[in-house]
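Pasted below: structure09.cif, mmCIF, C-alpha atoms.
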```
data_input
#
loop_
_atom_site.label_atom_id
_atom_site.label_comp_id
_atom_site.auth_asym_id
_atom_site.auth_seq_id
_atom_site.Cartn_x
_atom_site.Cartn_y
_atom_site.Cartn_z
CA MET A 1 73.66 -1.73 11.47
CA ARG A 2 73.32 -5.46 11.99
CA LYS A 3 74.50 -8.20 9.70
CA ILE A 4 71.97 -11.01 9.68
CA PHE A 5 71.69 -14.36 7.94
CA VAL A 6 68.71 -14.45 5.60
CA GLU A 7 67.17 -17.41 7.48
CA LYS A 8 66.91 -15.23 10.57
CA LEU A 9 65.01 -12.35 8.95
CA GLU A 10 61.71 -11.33 10.52
CA PRO A 11 58.88 -9.11 9.26
CA GLY A 12 59.27 -5.49 10.37
CA MET A 13 63.05 -5.41 10.01
CA ILE A 14 64.37 -2.50 7.95
CA LEU A 15 67.10 -2.84 5.36
CA ALA A 16 70.17 -0.81 6.28
CA LYS A 17 71.83 -1.50 2.94
CA PRO A 18 70.21 -2.16 -0.42
CA ILE A 19 70.09 -5.72 -1.66
CA THR A 20 71.82 -5.97 -5.00
CA GLY A 21 71.80 -8.70 -7.61
CA PRO A 22 74.90 -10.28 -9.12
CA THR A 23 75.39 -7.38 -11.52
CA GLY A 24 75.06 -4.75 -8.85
CA MET A 25 71.50 -3.80 -9.79
CA VAL A 26 69.44 -2.81 -6.75
CA MET A 27 66.70 -5.37 -6.09
CA LEU A 28 65.41 -3.92 -2.82
CA ALA A 29 66.24 -0.41 -1.68
CA LYS A 30 67.73 0.69 1.61
CA ASP A 31 65.09 1.53 4.26
CA THR A 32 62.64 -1.04 2.89
CA GLU A 33 60.55 -2.53 5.70
CA LEU A 34 60.53 -6.28 5.20
CA ASN A 35 57.32 -8.28 5.16
CA GLU A 36 56.89 -12.03 4.79
CA LYS A 37 56.67 -11.84 1.02
CA TRP A 38 59.94 -9.94 0.72
CA ILE A 39 61.69 -12.24 3.17
CA GLU A 40 60.61 -15.29 1.20
CA ARG A 41 62.00 -13.77 -2.00
CA ILE A 42 65.26 -12.74 -0.34
CA GLN A 43 65.66 -16.30 0.92
CA ASP A 44 65.18 -17.54 -2.62
CA MET A 45 68.04 -15.37 -3.85
CA LYS A 46 71.54 -16.73 -3.61
CA ILE A 47 72.71 -14.51 -0.79
CA ALA A 48 73.86 -15.52 2.68
CA PHE A 49 73.24 -12.37 4.70
CA VAL A 50 71.84 -8.84 4.52
CA PHE A 51 72.16 -5.72 6.66
CA VAL A 52 69.25 -4.43 8.73
CA ASP A 53 68.87 -1.54 11.16
CA GLY A 54 69.67 -2.10 14.81
CA PRO A 55 72.77 -2.52 16.94
CA PRO A 56 75.16 -5.24 15.78
CA VAL A 57 75.04 -8.47 17.72
CA GLN A 58 78.29 -8.87 19.63
CA GLU A 59 80.18 -12.14 19.51
CA ILE A 60 81.29 -12.15 23.14
CA PRO A 61 79.60 -10.90 26.35
CA GLU A 62 80.41 -7.42 27.61
CA GLU A 63 82.41 -8.58 30.66
CA GLU A 64 84.63 -10.69 28.46
CA ALA A 65 85.21 -7.85 26.00
CA LEU A 66 86.21 -5.52 28.84
CA ALA A 67 88.49 -8.13 30.39
CA ASP A 68 90.19 -8.62 27.01
CA LEU A 69 90.73 -4.88 26.86
CA GLU A 70 92.52 -4.97 30.22
CA THR A 71 94.72 -7.83 29.02
CA ARG A 72 95.67 -5.95 25.86
CA PHE A 73 96.75 -2.90 27.84
CA ALA A 74 98.64 -4.87 30.50
CA LEU A 75 102.07 -3.50 29.60
CA VAL A 76 101.20 0.11 28.84
CA ASN A 77 98.78 1.27 31.54
CA ASP A 78 101.19 3.80 33.01
CA LYS A 79 102.52 5.16 29.71
CA PRO A 80 101.65 8.70 28.59
CA PHE A 81 98.26 9.09 26.87
CA MET A 82 97.44 5.38 27.13
CA GLY A 83 94.97 6.20 29.90
CA ILE A 84 92.83 8.44 27.71
CA ILE A 85 93.00 5.94 24.85
CA LYS A 86 91.94 3.07 27.06
CA LYS A 87 89.12 5.13 28.59
CA ALA A 88 87.79 5.94 25.12
CA VAL A 89 87.99 2.32 23.95
CA ARG A 90 86.26 1.17 27.14
CA GLU A 91 83.42 3.67 26.58
CA HIS A 92 83.19 2.57 22.98
CA ILE A 93 82.96 -1.12 23.88
CA LYS A 94 80.32 -0.44 26.52
CA GLY A 95 78.37 1.52 23.90
CA LEU A 96 78.24 -1.55 21.68
CA TYR A 97 76.13 -3.38 24.28
CA ARG A 98 73.57 -0.65 24.92
CA MET B 1 118.47 -8.37 3.14
CA ARG B 2 117.56 -5.23 1.24
CA TYR B 3 118.95 -6.75 -1.94
CA LYS B 4 116.79 -9.82 -1.48
CA VAL B 5 113.67 -7.79 -0.86
CA GLU B 6 114.30 -5.49 -3.78
CA ASN B 7 114.69 -8.42 -6.10
CA ILE B 8 111.35 -9.68 -4.98
CA HIS B 9 110.31 -10.69 -8.51
CA THR B 10 113.05 -13.33 -8.54
CA LEU B 11 112.01 -14.85 -5.23
CA PRO B 12 110.45 -18.26 -5.78
CA THR B 13 107.85 -17.80 -3.04
CA ILE B 14 106.35 -14.63 -4.46
CA PRO B 15 103.10 -15.43 -6.26
CA ALA B 16 102.64 -14.59 -9.91
CA VAL B 17 100.09 -11.85 -9.26
CA LEU B 18 102.60 -9.83 -7.29
CA LYS B 19 105.24 -10.33 -9.96
CA ARG B 20 102.96 -9.04 -12.69
CA LEU B 21 101.95 -6.15 -10.52
CA SER B 22 105.54 -5.37 -9.65
CA VAL B 23 106.34 -4.86 -13.33
CA ILE B 24 103.66 -2.22 -13.84
CA LEU B 25 104.30 -0.50 -10.51
CA GLU B 26 107.99 -0.16 -11.24
CA LYS B 27 107.53 1.49 -14.60
CA PRO B 28 108.82 5.04 -14.50
CA ARG B 29 106.17 7.63 -15.36
CA VAL B 30 103.38 5.09 -15.55
CA THR B 31 100.21 6.87 -16.63
CA ILE B 32 96.80 6.76 -15.10
CA VAL B 33 95.52 5.27 -18.37
CA GLU B 34 98.00 2.39 -18.19
CA ILE B 35 97.08 1.58 -14.60
CA SER B 36 93.41 1.85 -15.43
CA SER B 37 93.65 -0.53 -18.38
CA PHE B 38 95.83 -2.95 -16.40
CA ILE B 39 93.00 -3.22 -13.88
CA SER B 40 90.23 -3.29 -16.47
CA ASN B 41 91.88 -6.13 -18.37
CA ASP B 42 91.57 -8.37 -15.34
CA PRO B 43 87.92 -8.97 -14.38
CA ALA B 44 88.74 -10.34 -10.93
CA LEU B 45 90.95 -7.36 -10.16
CA THR B 46 88.28 -4.96 -11.47
CA THR B 47 85.68 -6.45 -9.15
CA LYS B 48 88.03 -6.21 -6.17
CA VAL B 49 89.00 -2.61 -6.84
CA LEU B 50 85.41 -1.50 -7.40
CA LYS B 51 84.22 -3.31 -4.28
CA MET B 52 86.90 -1.55 -2.31
CA VAL B 53 86.20 1.98 -3.58
CA ASN B 54 82.47 1.49 -3.10
CA SER B 55 82.89 0.17 0.43
CA ALA B 56 82.55 2.10 3.63
CA ILE B 57 86.35 2.22 3.80
CA TYR B 58 86.32 5.18 1.46
CA GLY B 59 82.92 6.52 2.26
CA PHE B 60 82.08 7.95 -1.16
CA PRO B 61 78.41 8.65 -1.57
CA GLY B 62 76.80 6.82 -4.48
CA ARG B 63 78.25 4.15 -6.68
CA ILE B 64 81.46 4.19 -8.67
CA ALA B 65 80.70 1.86 -11.53
CA SER B 66 83.86 1.88 -13.62
CA VAL B 67 87.59 1.67 -13.09
CA SER B 68 88.16 4.81 -15.13
CA HIS B 69 85.76 6.74 -12.92
CA ALA B 70 87.53 5.41 -9.83
CA THR B 71 90.97 6.38 -11.12
CA MET B 72 89.81 9.88 -11.99
CA LEU B 73 88.26 10.32 -8.58
CA LEU B 74 91.13 8.91 -6.55
CA GLY B 75 94.20 9.84 -8.55
CA LEU B 76 97.21 7.83 -9.64
CA ASN B 77 98.86 7.33 -6.26
CA VAL B 78 95.78 6.19 -4.44
CA ILE B 79 94.78 3.79 -7.21
CA LYS B 80 98.29 2.32 -7.32
CA GLY B 81 98.14 1.77 -3.58
CA LEU B 82 94.68 0.24 -3.78
CA LEU B 83 95.78 -2.04 -6.56
CA LEU B 84 98.60 -3.31 -4.39
CA GLY B 85 96.30 -3.51 -1.38
CA VAL B 86 93.62 -5.66 -3.01
CA SER B 87 96.27 -7.85 -4.62
CA VAL B 88 97.96 -8.70 -1.34
CA PHE B 89 94.73 -9.31 0.60
CA ASP B 90 94.73 -13.01 -0.17
CA LEU B 91 98.39 -13.19 0.74
CA MET B 92 97.68 -11.47 4.04
CA GLN B 93 95.04 -14.07 4.82
CA LYS B 94 97.50 -16.83 4.07
CA THR B 95 100.53 -15.39 5.83
CA MET B 96 99.08 -13.92 9.01
CA SER B 97 95.48 -14.57 9.87
CA GLY B 98 93.91 -11.27 10.93
CA LEU B 99 96.40 -8.97 9.22
CA TYR B 100 93.84 -8.23 6.55
CA GLU B 101 91.23 -7.02 9.06
CA HIS B 102 93.94 -5.10 10.90
CA SER B 103 94.95 -3.32 7.67
CA LEU B 104 91.39 -2.54 6.61
CA ALA B 105 90.51 -1.13 10.01
CA CYS B 106 93.70 0.91 9.99
CA ALA B 107 92.79 2.33 6.57
CA ILE B 108 89.40 3.44 7.92
CA ALA B 109 90.82 4.93 11.11
CA SER B 110 93.53 6.76 9.12
CA ARG B 111 90.95 8.28 6.81
CA VAL B 112 88.71 9.44 9.66
CA ILE B 113 91.61 11.06 11.55
CA ALA B 114 92.87 12.68 8.32
CA GLN B 115 89.40 14.13 7.74
CA LYS B 116 89.30 15.42 11.30
CA LYS B 117 92.67 17.10 10.73
CA ASN B 118 91.36 18.61 7.47
CA LEU B 119 94.02 17.02 5.31
CA LYS B 120 93.48 17.65 1.64
CA GLU B 121 93.85 14.04 0.54
CA PRO B 122 92.39 11.76 3.21
CA GLU B 123 92.33 8.91 0.68
CA GLU B 124 96.11 9.01 0.39
CA VAL B 125 96.48 8.68 4.14
CA SER B 126 93.97 5.86 4.06
CA VAL B 127 96.04 3.98 1.49
CA ALA B 128 99.09 4.45 3.71
CA GLY B 129 97.10 2.87 6.54
CA LEU B 130 96.09 0.02 4.26
CA LEU B 131 99.67 -0.72 3.25
CA HIS B 132 101.58 0.10 6.45
CA ASP B 133 102.25 -3.56 7.29
CA ILE B 134 102.99 -4.79 3.78
CA GLY B 135 106.56 -5.51 4.91
CA LYS B 136 105.20 -8.24 7.19
CA VAL B 137 103.64 -10.08 4.26
CA VAL B 138 106.90 -10.12 2.34
CA LEU B 139 108.98 -11.06 5.38
CA ILE B 140 106.72 -14.00 6.14
CA LEU B 141 106.58 -15.11 2.51
CA GLU B 142 110.32 -15.14 2.18
CA PHE B 143 111.49 -15.97 5.69
CA ALA B 144 108.64 -18.03 7.12
CA SER B 145 110.55 -19.98 9.77
CA GLU B 146 112.67 -17.03 10.88
CA TYR B 147 109.53 -14.94 11.28
CA GLU B 148 107.93 -17.71 13.28
CA ASN B 149 110.99 -17.60 15.56
CA ALA B 150 110.63 -13.85 15.94
CA MET B 151 106.97 -14.25 16.95
CA VAL B 152 107.84 -16.94 19.50
CA GLN B 153 110.65 -14.78 20.87
CA ALA B 154 108.34 -11.79 21.17
CA GLY B 155 105.93 -13.89 23.21
CA GLN B 156 108.60 -15.36 25.48
CA GLU B 157 110.49 -12.16 26.19
CA ASN B 158 107.44 -9.91 26.34
CA ILE B 159 108.82 -7.65 23.64
CA SER B 160 106.98 -6.27 20.62
CA ILE B 161 107.08 -8.08 17.32
CA TYR B 162 108.82 -4.98 15.95
CA GLU B 163 111.69 -5.44 18.43
CA ALA B 164 111.79 -9.17 17.77
CA GLU B 165 112.08 -8.53 14.02
CA LYS B 166 115.03 -6.25 14.68
CA LYS B 167 116.78 -9.01 16.62
CA GLN B 168 115.99 -11.68 14.07
CA PHE B 169 116.60 -9.80 10.82
CA ASN B 170 118.46 -6.66 11.81
CA ALA B 171 115.65 -4.92 9.92
CA THR B 172 111.92 -4.54 10.53
CA HIS B 173 108.73 -4.86 8.52
CA ALA B 174 108.70 -1.06 8.41
CA ASP B 175 112.11 -1.02 6.68
CA VAL B 176 111.07 -3.76 4.28
CA GLY B 177 107.78 -2.01 3.48
CA GLY B 178 109.64 1.23 2.87
CA TRP B 179 112.14 -0.40 0.49
CA LEU B 180 109.33 -1.98 -1.47
CA ALA B 181 107.34 1.24 -1.64
CA GLU B 182 110.45 2.98 -2.95
CA LYS B 183 111.09 0.27 -5.50
CA TRP B 184 107.48 0.45 -6.62
CA ARG B 185 107.78 4.21 -7.06
CA PHE B 186 105.22 5.24 -4.55
CA PRO B 187 105.26 8.92 -3.58
CA ALA B 188 107.82 10.04 -1.02
CA ASN B 189 105.18 10.69 1.65
CA LEU B 190 103.80 7.18 1.44
CA ILE B 191 107.29 5.66 1.63
CA GLU B 192 107.96 7.70 4.73
CA VAL B 193 104.73 6.78 6.44
CA ILE B 194 105.38 3.08 5.88
CA SER B 195 109.00 3.16 7.00
CA CYS B 196 108.41 5.43 10.02
CA HIS B 197 105.04 4.25 11.32
CA HIS B 198 106.67 2.75 14.41
CA ARG B 199 108.92 5.75 15.01
CA PRO B 200 106.91 8.74 13.83
CA PRO B 201 109.40 11.46 14.90
CA LEU B 202 111.80 10.22 12.19
CA SER B 203 109.44 11.37 9.47
CA LYS B 204 110.72 14.63 7.99
CA ASN B 205 108.40 15.29 5.08
CA ALA B 206 105.16 13.74 6.26
CA PRO B 207 105.09 14.02 10.06
CA LEU B 208 101.34 14.51 10.22
CA GLU B 209 100.49 11.58 7.93
CA THR B 210 102.93 9.35 9.77
CA ALA B 211 101.49 10.32 13.14
CA ILE B 212 97.99 9.58 11.82
CA VAL B 213 98.85 6.06 10.69
CA HIS B 214 100.81 5.43 13.90
CA VAL B 215 97.84 6.40 16.06
CA ALA B 216 95.34 4.64 13.77
CA ASP B 217 97.42 1.44 14.04
CA LEU B 218 97.38 1.76 17.80
CA LEU B 219 93.63 2.38 18.01
CA VAL B 220 92.91 -0.70 15.90
CA ARG B 221 95.00 -2.81 18.28
CA ALA B 222 93.43 -1.14 21.30
CA ARG B 223 89.99 -2.10 20.00
CA GLY B 224 91.25 -5.61 19.27
CA ILE B 225 90.29 -5.78 15.59
CA GLY B 226 92.27 -8.29 13.54
CA PHE B 227 95.77 -9.45 14.38
CA ALA B 228 99.12 -7.89 13.50
CA GLY B 229 101.53 -10.30 15.15
CA GLU B 230 100.86 -9.69 18.84
CA LYS B 231 97.94 -9.43 21.22
CA LEU B 232 99.29 -6.66 23.44
CA VAL B 233 98.89 -2.98 22.68
CA PRO B 234 102.21 -1.12 22.36
CA GLU B 235 102.58 2.36 23.82
CA VAL B 236 101.66 5.34 21.68
CA HIS B 237 104.47 7.68 20.73
CA PRO B 238 103.72 10.77 22.84
CA VAL B 239 105.01 13.21 20.21
CA ALA B 240 102.74 11.74 17.54
CA PHE B 241 99.73 11.72 19.84
CA GLU B 242 100.33 15.33 20.86
CA LEU B 243 100.81 16.40 17.27
CA LEU B 244 97.30 15.18 16.43
CA GLY B 245 95.78 16.57 19.61
CA LEU B 246 92.84 14.15 19.62
CA ALA B 247 90.32 14.60 22.39
CA GLU B 248 88.46 11.65 23.91
CA GLN B 249 85.42 12.40 21.76
CA ASP B 250 87.58 12.37 18.62
CA ILE B 251 88.85 8.91 19.52
CA LEU B 252 85.29 7.75 20.14
CA ASP B 253 84.26 9.07 16.70
CA VAL B 254 87.13 7.21 15.04
CA LEU B 255 86.25 3.98 16.86
CA GLU B 256 82.58 4.25 15.95
CA GLU B 257 83.22 4.80 12.27
CA MET B 258 85.75 1.98 12.30
CA GLU B 259 83.24 -0.37 13.90
CA ASN B 260 80.44 0.47 11.48
CA SER B 261 82.61 0.36 8.39
CA MET B 262 84.15 -2.97 9.38
CA ALA B 263 80.68 -4.47 9.84
CA THR B 264 79.81 -3.61 6.26
CA ALA B 265 83.25 -4.35 4.85
CA GLU B 266 83.26 -8.02 5.78
CA ASP B 267 82.33 -9.11 2.30
CA ILE B 268 85.24 -7.35 0.57
#
```
For the structure just supplied, provide its representation as C-alpha cells.
Amino acid sequence: MRKIFVEKLEPGMILAKPITGPTGMVMLAKDTELNEKWIERIQDMKIAFVFVDGPPVQEIPEEEALADLETRFALVNDKPFMGIIKKAVREHIKGLYR
Amino acid sequence: MRYKVENIHTLPTIPAVLKRLSVILEKPRVTIVEISSFISNDPALTTKVLKMVNSAIYGFPGRIASVSHATMLLGLNVIKGLLLGVSVFDLMQKTMSGLYEHSLACAIASRVIAQKKNLKEPEEVSVAGLLHDIGKVVLILEFASEYENAMVQAGQENISIYEAEKKQFNATHADVGGWLAEKWRFPANLIEVISCHHRPPLSKNAPLETAIVHVADLLVRARGIGFAGEKLVPEVHPVAFELLGLAEQDILDVLEEMENSMATAEDI
C-alpha cells in the first residue's frame, strides 16, 4: 500500500483504501481504478492524500537504511538472539525496496 | 517519588484532560456503561477512540460506528486502556517526539505476536504495548530537566535510558508506569507487563504477555520506527525470547504487519 498526495495521482492507480467523506460515508470504494474524472473529483475534495496499491515509497535509499540498521545494533551484535533478529530486520528492509 | 506520581492530579504540569480521566479511571467498580458515556459525551474523544479501533492497529474487519459497539467488542479493560492511550497521544508528541509512533508500532507488534501465540485476548496485549512507556510521559512532564539530564548521561556513558533513569531518579519509567496503572485500577496483568517490560523474568502472573511486549518493543527499535529515548537497540532478554520461540519467519511476519499498519495509521 502506498500513501500518495492527491496531486500526484495518475489514471490507472487502484485505491487500496476507500475514500470517505467527513462523516465516514464511503465516496469511492476500495479497489476502484482511478481515471481522470475520478482524480479531478478527488482533488476537489478536501483531502491531502489517499492510499493506492503498490509498494510504499521509502524515504531514504536502501544503503542508508541498512547502514542505519548496523548503527542501531552496534552494541548488541554478539548478544544472544540478536543475530537472528538483525537478520530478519535486514531481510525485511531489503524487501521494502523490491 | 512514588507519592508524587500517585498524586498526579495535584501536579501543576499535568493537563486537565488527564486529570478528568484520572477521576473516572480511579473509580472503584466503574462500569462499562459509565466509561462508554464518558467517551460519548466528548465528541473529540469519541472520534479519537473510533479512529483507533477502526485502524489497522486492531485489525477488525468492517467498521465500528459507535462507542457502545466498541466497548462491547473490546471489553472494559481494553477500552480503559485505549481511552488513556488516545488521551496521552498529544502529550507524547509534546514530551518526546517519536514516542507516539514507537507506542503505536509496539501495540501492533504485540497484537501480532499475541495472535501467533494463540492468546485469547490479543487486544489486551496490544493495549499493554500501547501503554508500556506511559511512565516516560509522566516523568518528562513532571521532571523535565532531570529527564533531559538522564538522556544526556545515557548518550555520554553509552548506557540505556532505562539505566540512566535509575541513576537519576532511583526509579524507572517502568516503575512509574506500573504505579500509575495500579492507581488507575488496571488489571493485574497489565500492571505487571508495564512494570516488568524491561525485566520480563520478574513477571509472575503474566510472563507470556510481558515477554511479548518486551520483544515487540525491541523489534520496533530494531526496525527504527519512532523514538523512545535512544537510538541504539538494547539486547533482548534471552529468557523472554526463548519463551516465545519465534522463528525468523515469525519475526518477518510481525515486521511486515507493523510496516503496513503504520503506513495506514499515520492519520490517527
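You will find CA of Ser261 in chain B at 16.2 Å from CA of Phe49 in chain A.
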Here CA of His214 in chain B and CA of Asn54 in chain B stand apart by 25.3 Å
Exercise answer, chain A residues close to chain B, 8 Å and all atoms listed in the file, as a PyMOL selection string = chain A and resi 1-3+51+69+71-76+79-82+84-86+88-89+91-92
Point-to-point distance from CA of Gly85 in chain B to CA of Ala174 in chain B, Å rounded to tenths | 16.0 Å
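Considering the residues B:Lys80, B:Tyr3, B:Tyr58, B:Glu163 and counting only C-alpha atoms, Ile39 in chain B has its shortest atom-to-atom contact with B:Lys80.
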Can you pull out every residue within 10 Å of Asn35 in chain A, counting only C-alpha atoms, but drop anything in the same chain fewer than 6 positions away, and send it as a list in words?
-> Leu9, Glu10, Pro11, Gly12, Met13 and Ile14 of chain A
Where atoms are absent from range 56-87 of chain A, fill them in so it carries N, CA and C atoms, then output it as a compact mmCIF listing (two decimals), in the frame of the given file.
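result_24.txt, freshly written:
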```txt
# COMPACT_ATOMS: atom_id res chain seq x y z
N PRO A 56 74.60 -3.94 16.17
CA PRO A 56 75.16 -5.24 15.78
C PRO A 56 75.14 -6.21 16.96
N VAL A 57 75.00 -7.47 16.66
CA VAL A 57 75.04 -8.47 17.72
C VAL A 57 76.50 -8.78 18.02
N GLN A 58 76.89 -8.66 19.27
CA GLN A 58 78.29 -8.87 19.63
C GLN A 58 78.59 -10.35 19.81
N GLU A 59 79.81 -10.72 19.46
CA GLU A 59 80.18 -12.14 19.51
C GLU A 59 80.46 -12.63 20.93
N ILE A 60 80.97 -11.73 21.78
CA ILE A 60 81.29 -12.15 23.14
C ILE A 60 80.56 -11.24 24.12
N PRO A 61 80.29 -11.74 25.36
CA PRO A 61 79.60 -10.90 26.35
C PRO A 61 80.44 -9.70 26.76
N GLU A 62 79.75 -8.68 27.28
CA GLU A 62 80.41 -7.42 27.61
C GLU A 62 81.58 -7.61 28.59
N GLU A 63 81.36 -8.40 29.64
CA GLU A 63 82.41 -8.58 30.66
C GLU A 63 83.69 -9.14 30.01
N GLU A 64 83.48 -10.07 29.11
CA GLU A 64 84.63 -10.69 28.46
C GLU A 64 85.37 -9.67 27.59
N ALA A 65 84.60 -8.85 26.86
CA ALA A 65 85.21 -7.85 26.00
C ALA A 65 86.03 -6.86 26.83
N LEU A 66 85.50 -6.47 27.99
CA LEU A 66 86.21 -5.52 28.84
C LEU A 66 87.45 -6.15 29.48
N ALA A 67 87.33 -7.43 29.83
CA ALA A 67 88.49 -8.13 30.39
C ALA A 67 89.60 -8.26 29.35
N ASP A 68 89.20 -8.54 28.10
CA ASP A 68 90.19 -8.62 27.01
C ASP A 68 90.91 -7.29 26.84
N LEU A 69 90.14 -6.22 26.99
CA LEU A 69 90.73 -4.88 26.86
C LEU A 69 91.83 -4.69 27.90
N GLU A 70 91.52 -5.08 29.15
CA GLU A 70 92.52 -4.97 30.22
C GLU A 70 93.78 -5.77 29.88
N THR A 71 93.57 -6.98 29.37
CA THR A 71 94.72 -7.83 29.02
C THR A 71 95.58 -7.15 27.96
N ARG A 72 94.91 -6.58 26.95
CA ARG A 72 95.67 -5.95 25.86
C ARG A 72 96.53 -4.79 26.34
N PHE A 73 96.04 -4.09 27.36
CA PHE A 73 96.75 -2.90 27.84
C PHE A 73 97.72 -3.21 28.98
N ALA A 74 97.88 -4.49 29.30
CA ALA A 74 98.64 -4.87 30.50
C ALA A 74 100.00 -4.18 30.63
N LEU A 75 100.70 -4.02 29.51
CA LEU A 75 102.07 -3.50 29.60
C LEU A 75 102.16 -1.97 29.53
N VAL A 76 101.08 -1.31 29.17
CA VAL A 76 101.20 0.11 28.84
C VAL A 76 100.32 1.02 29.69
N ASN A 77 99.74 0.48 30.76
CA ASN A 77 98.78 1.27 31.54
C ASN A 77 99.35 2.59 32.07
N ASP A 78 100.64 2.58 32.41
CA ASP A 78 101.19 3.80 33.01
C ASP A 78 101.93 4.67 32.01
N LYS A 79 101.82 4.35 30.72
CA LYS A 79 102.52 5.16 29.71
C LYS A 79 101.69 6.40 29.35
N PRO A 80 102.38 7.46 28.89
CA PRO A 80 101.65 8.70 28.59
C PRO A 80 100.56 8.49 27.54
N PHE A 81 99.43 9.08 27.77
CA PHE A 81 98.26 9.09 26.87
C PHE A 81 97.56 7.74 26.74
N MET A 82 98.11 6.67 27.30
CA MET A 82 97.44 5.38 27.13
C MET A 82 96.17 5.34 27.98
N GLY A 83 96.16 6.15 29.06
CA GLY A 83 94.97 6.20 29.90
C GLY A 83 93.76 6.72 29.14
N ILE A 84 93.95 7.82 28.43
CA ILE A 84 92.83 8.44 27.71
C ILE A 84 92.38 7.51 26.56
N ILE A 85 93.36 6.85 25.94
CA ILE A 85 93.00 5.94 24.85
C ILE A 85 92.19 4.76 25.39
N LYS A 86 92.65 4.21 26.50
CA LYS A 86 91.94 3.07 27.06
C LYS A 86 90.53 3.47 27.51
N LYS A 87 90.44 4.66 28.12
CA LYS A 87 89.12 5.13 28.59
C LYS A 87 88.16 5.23 27.41
```
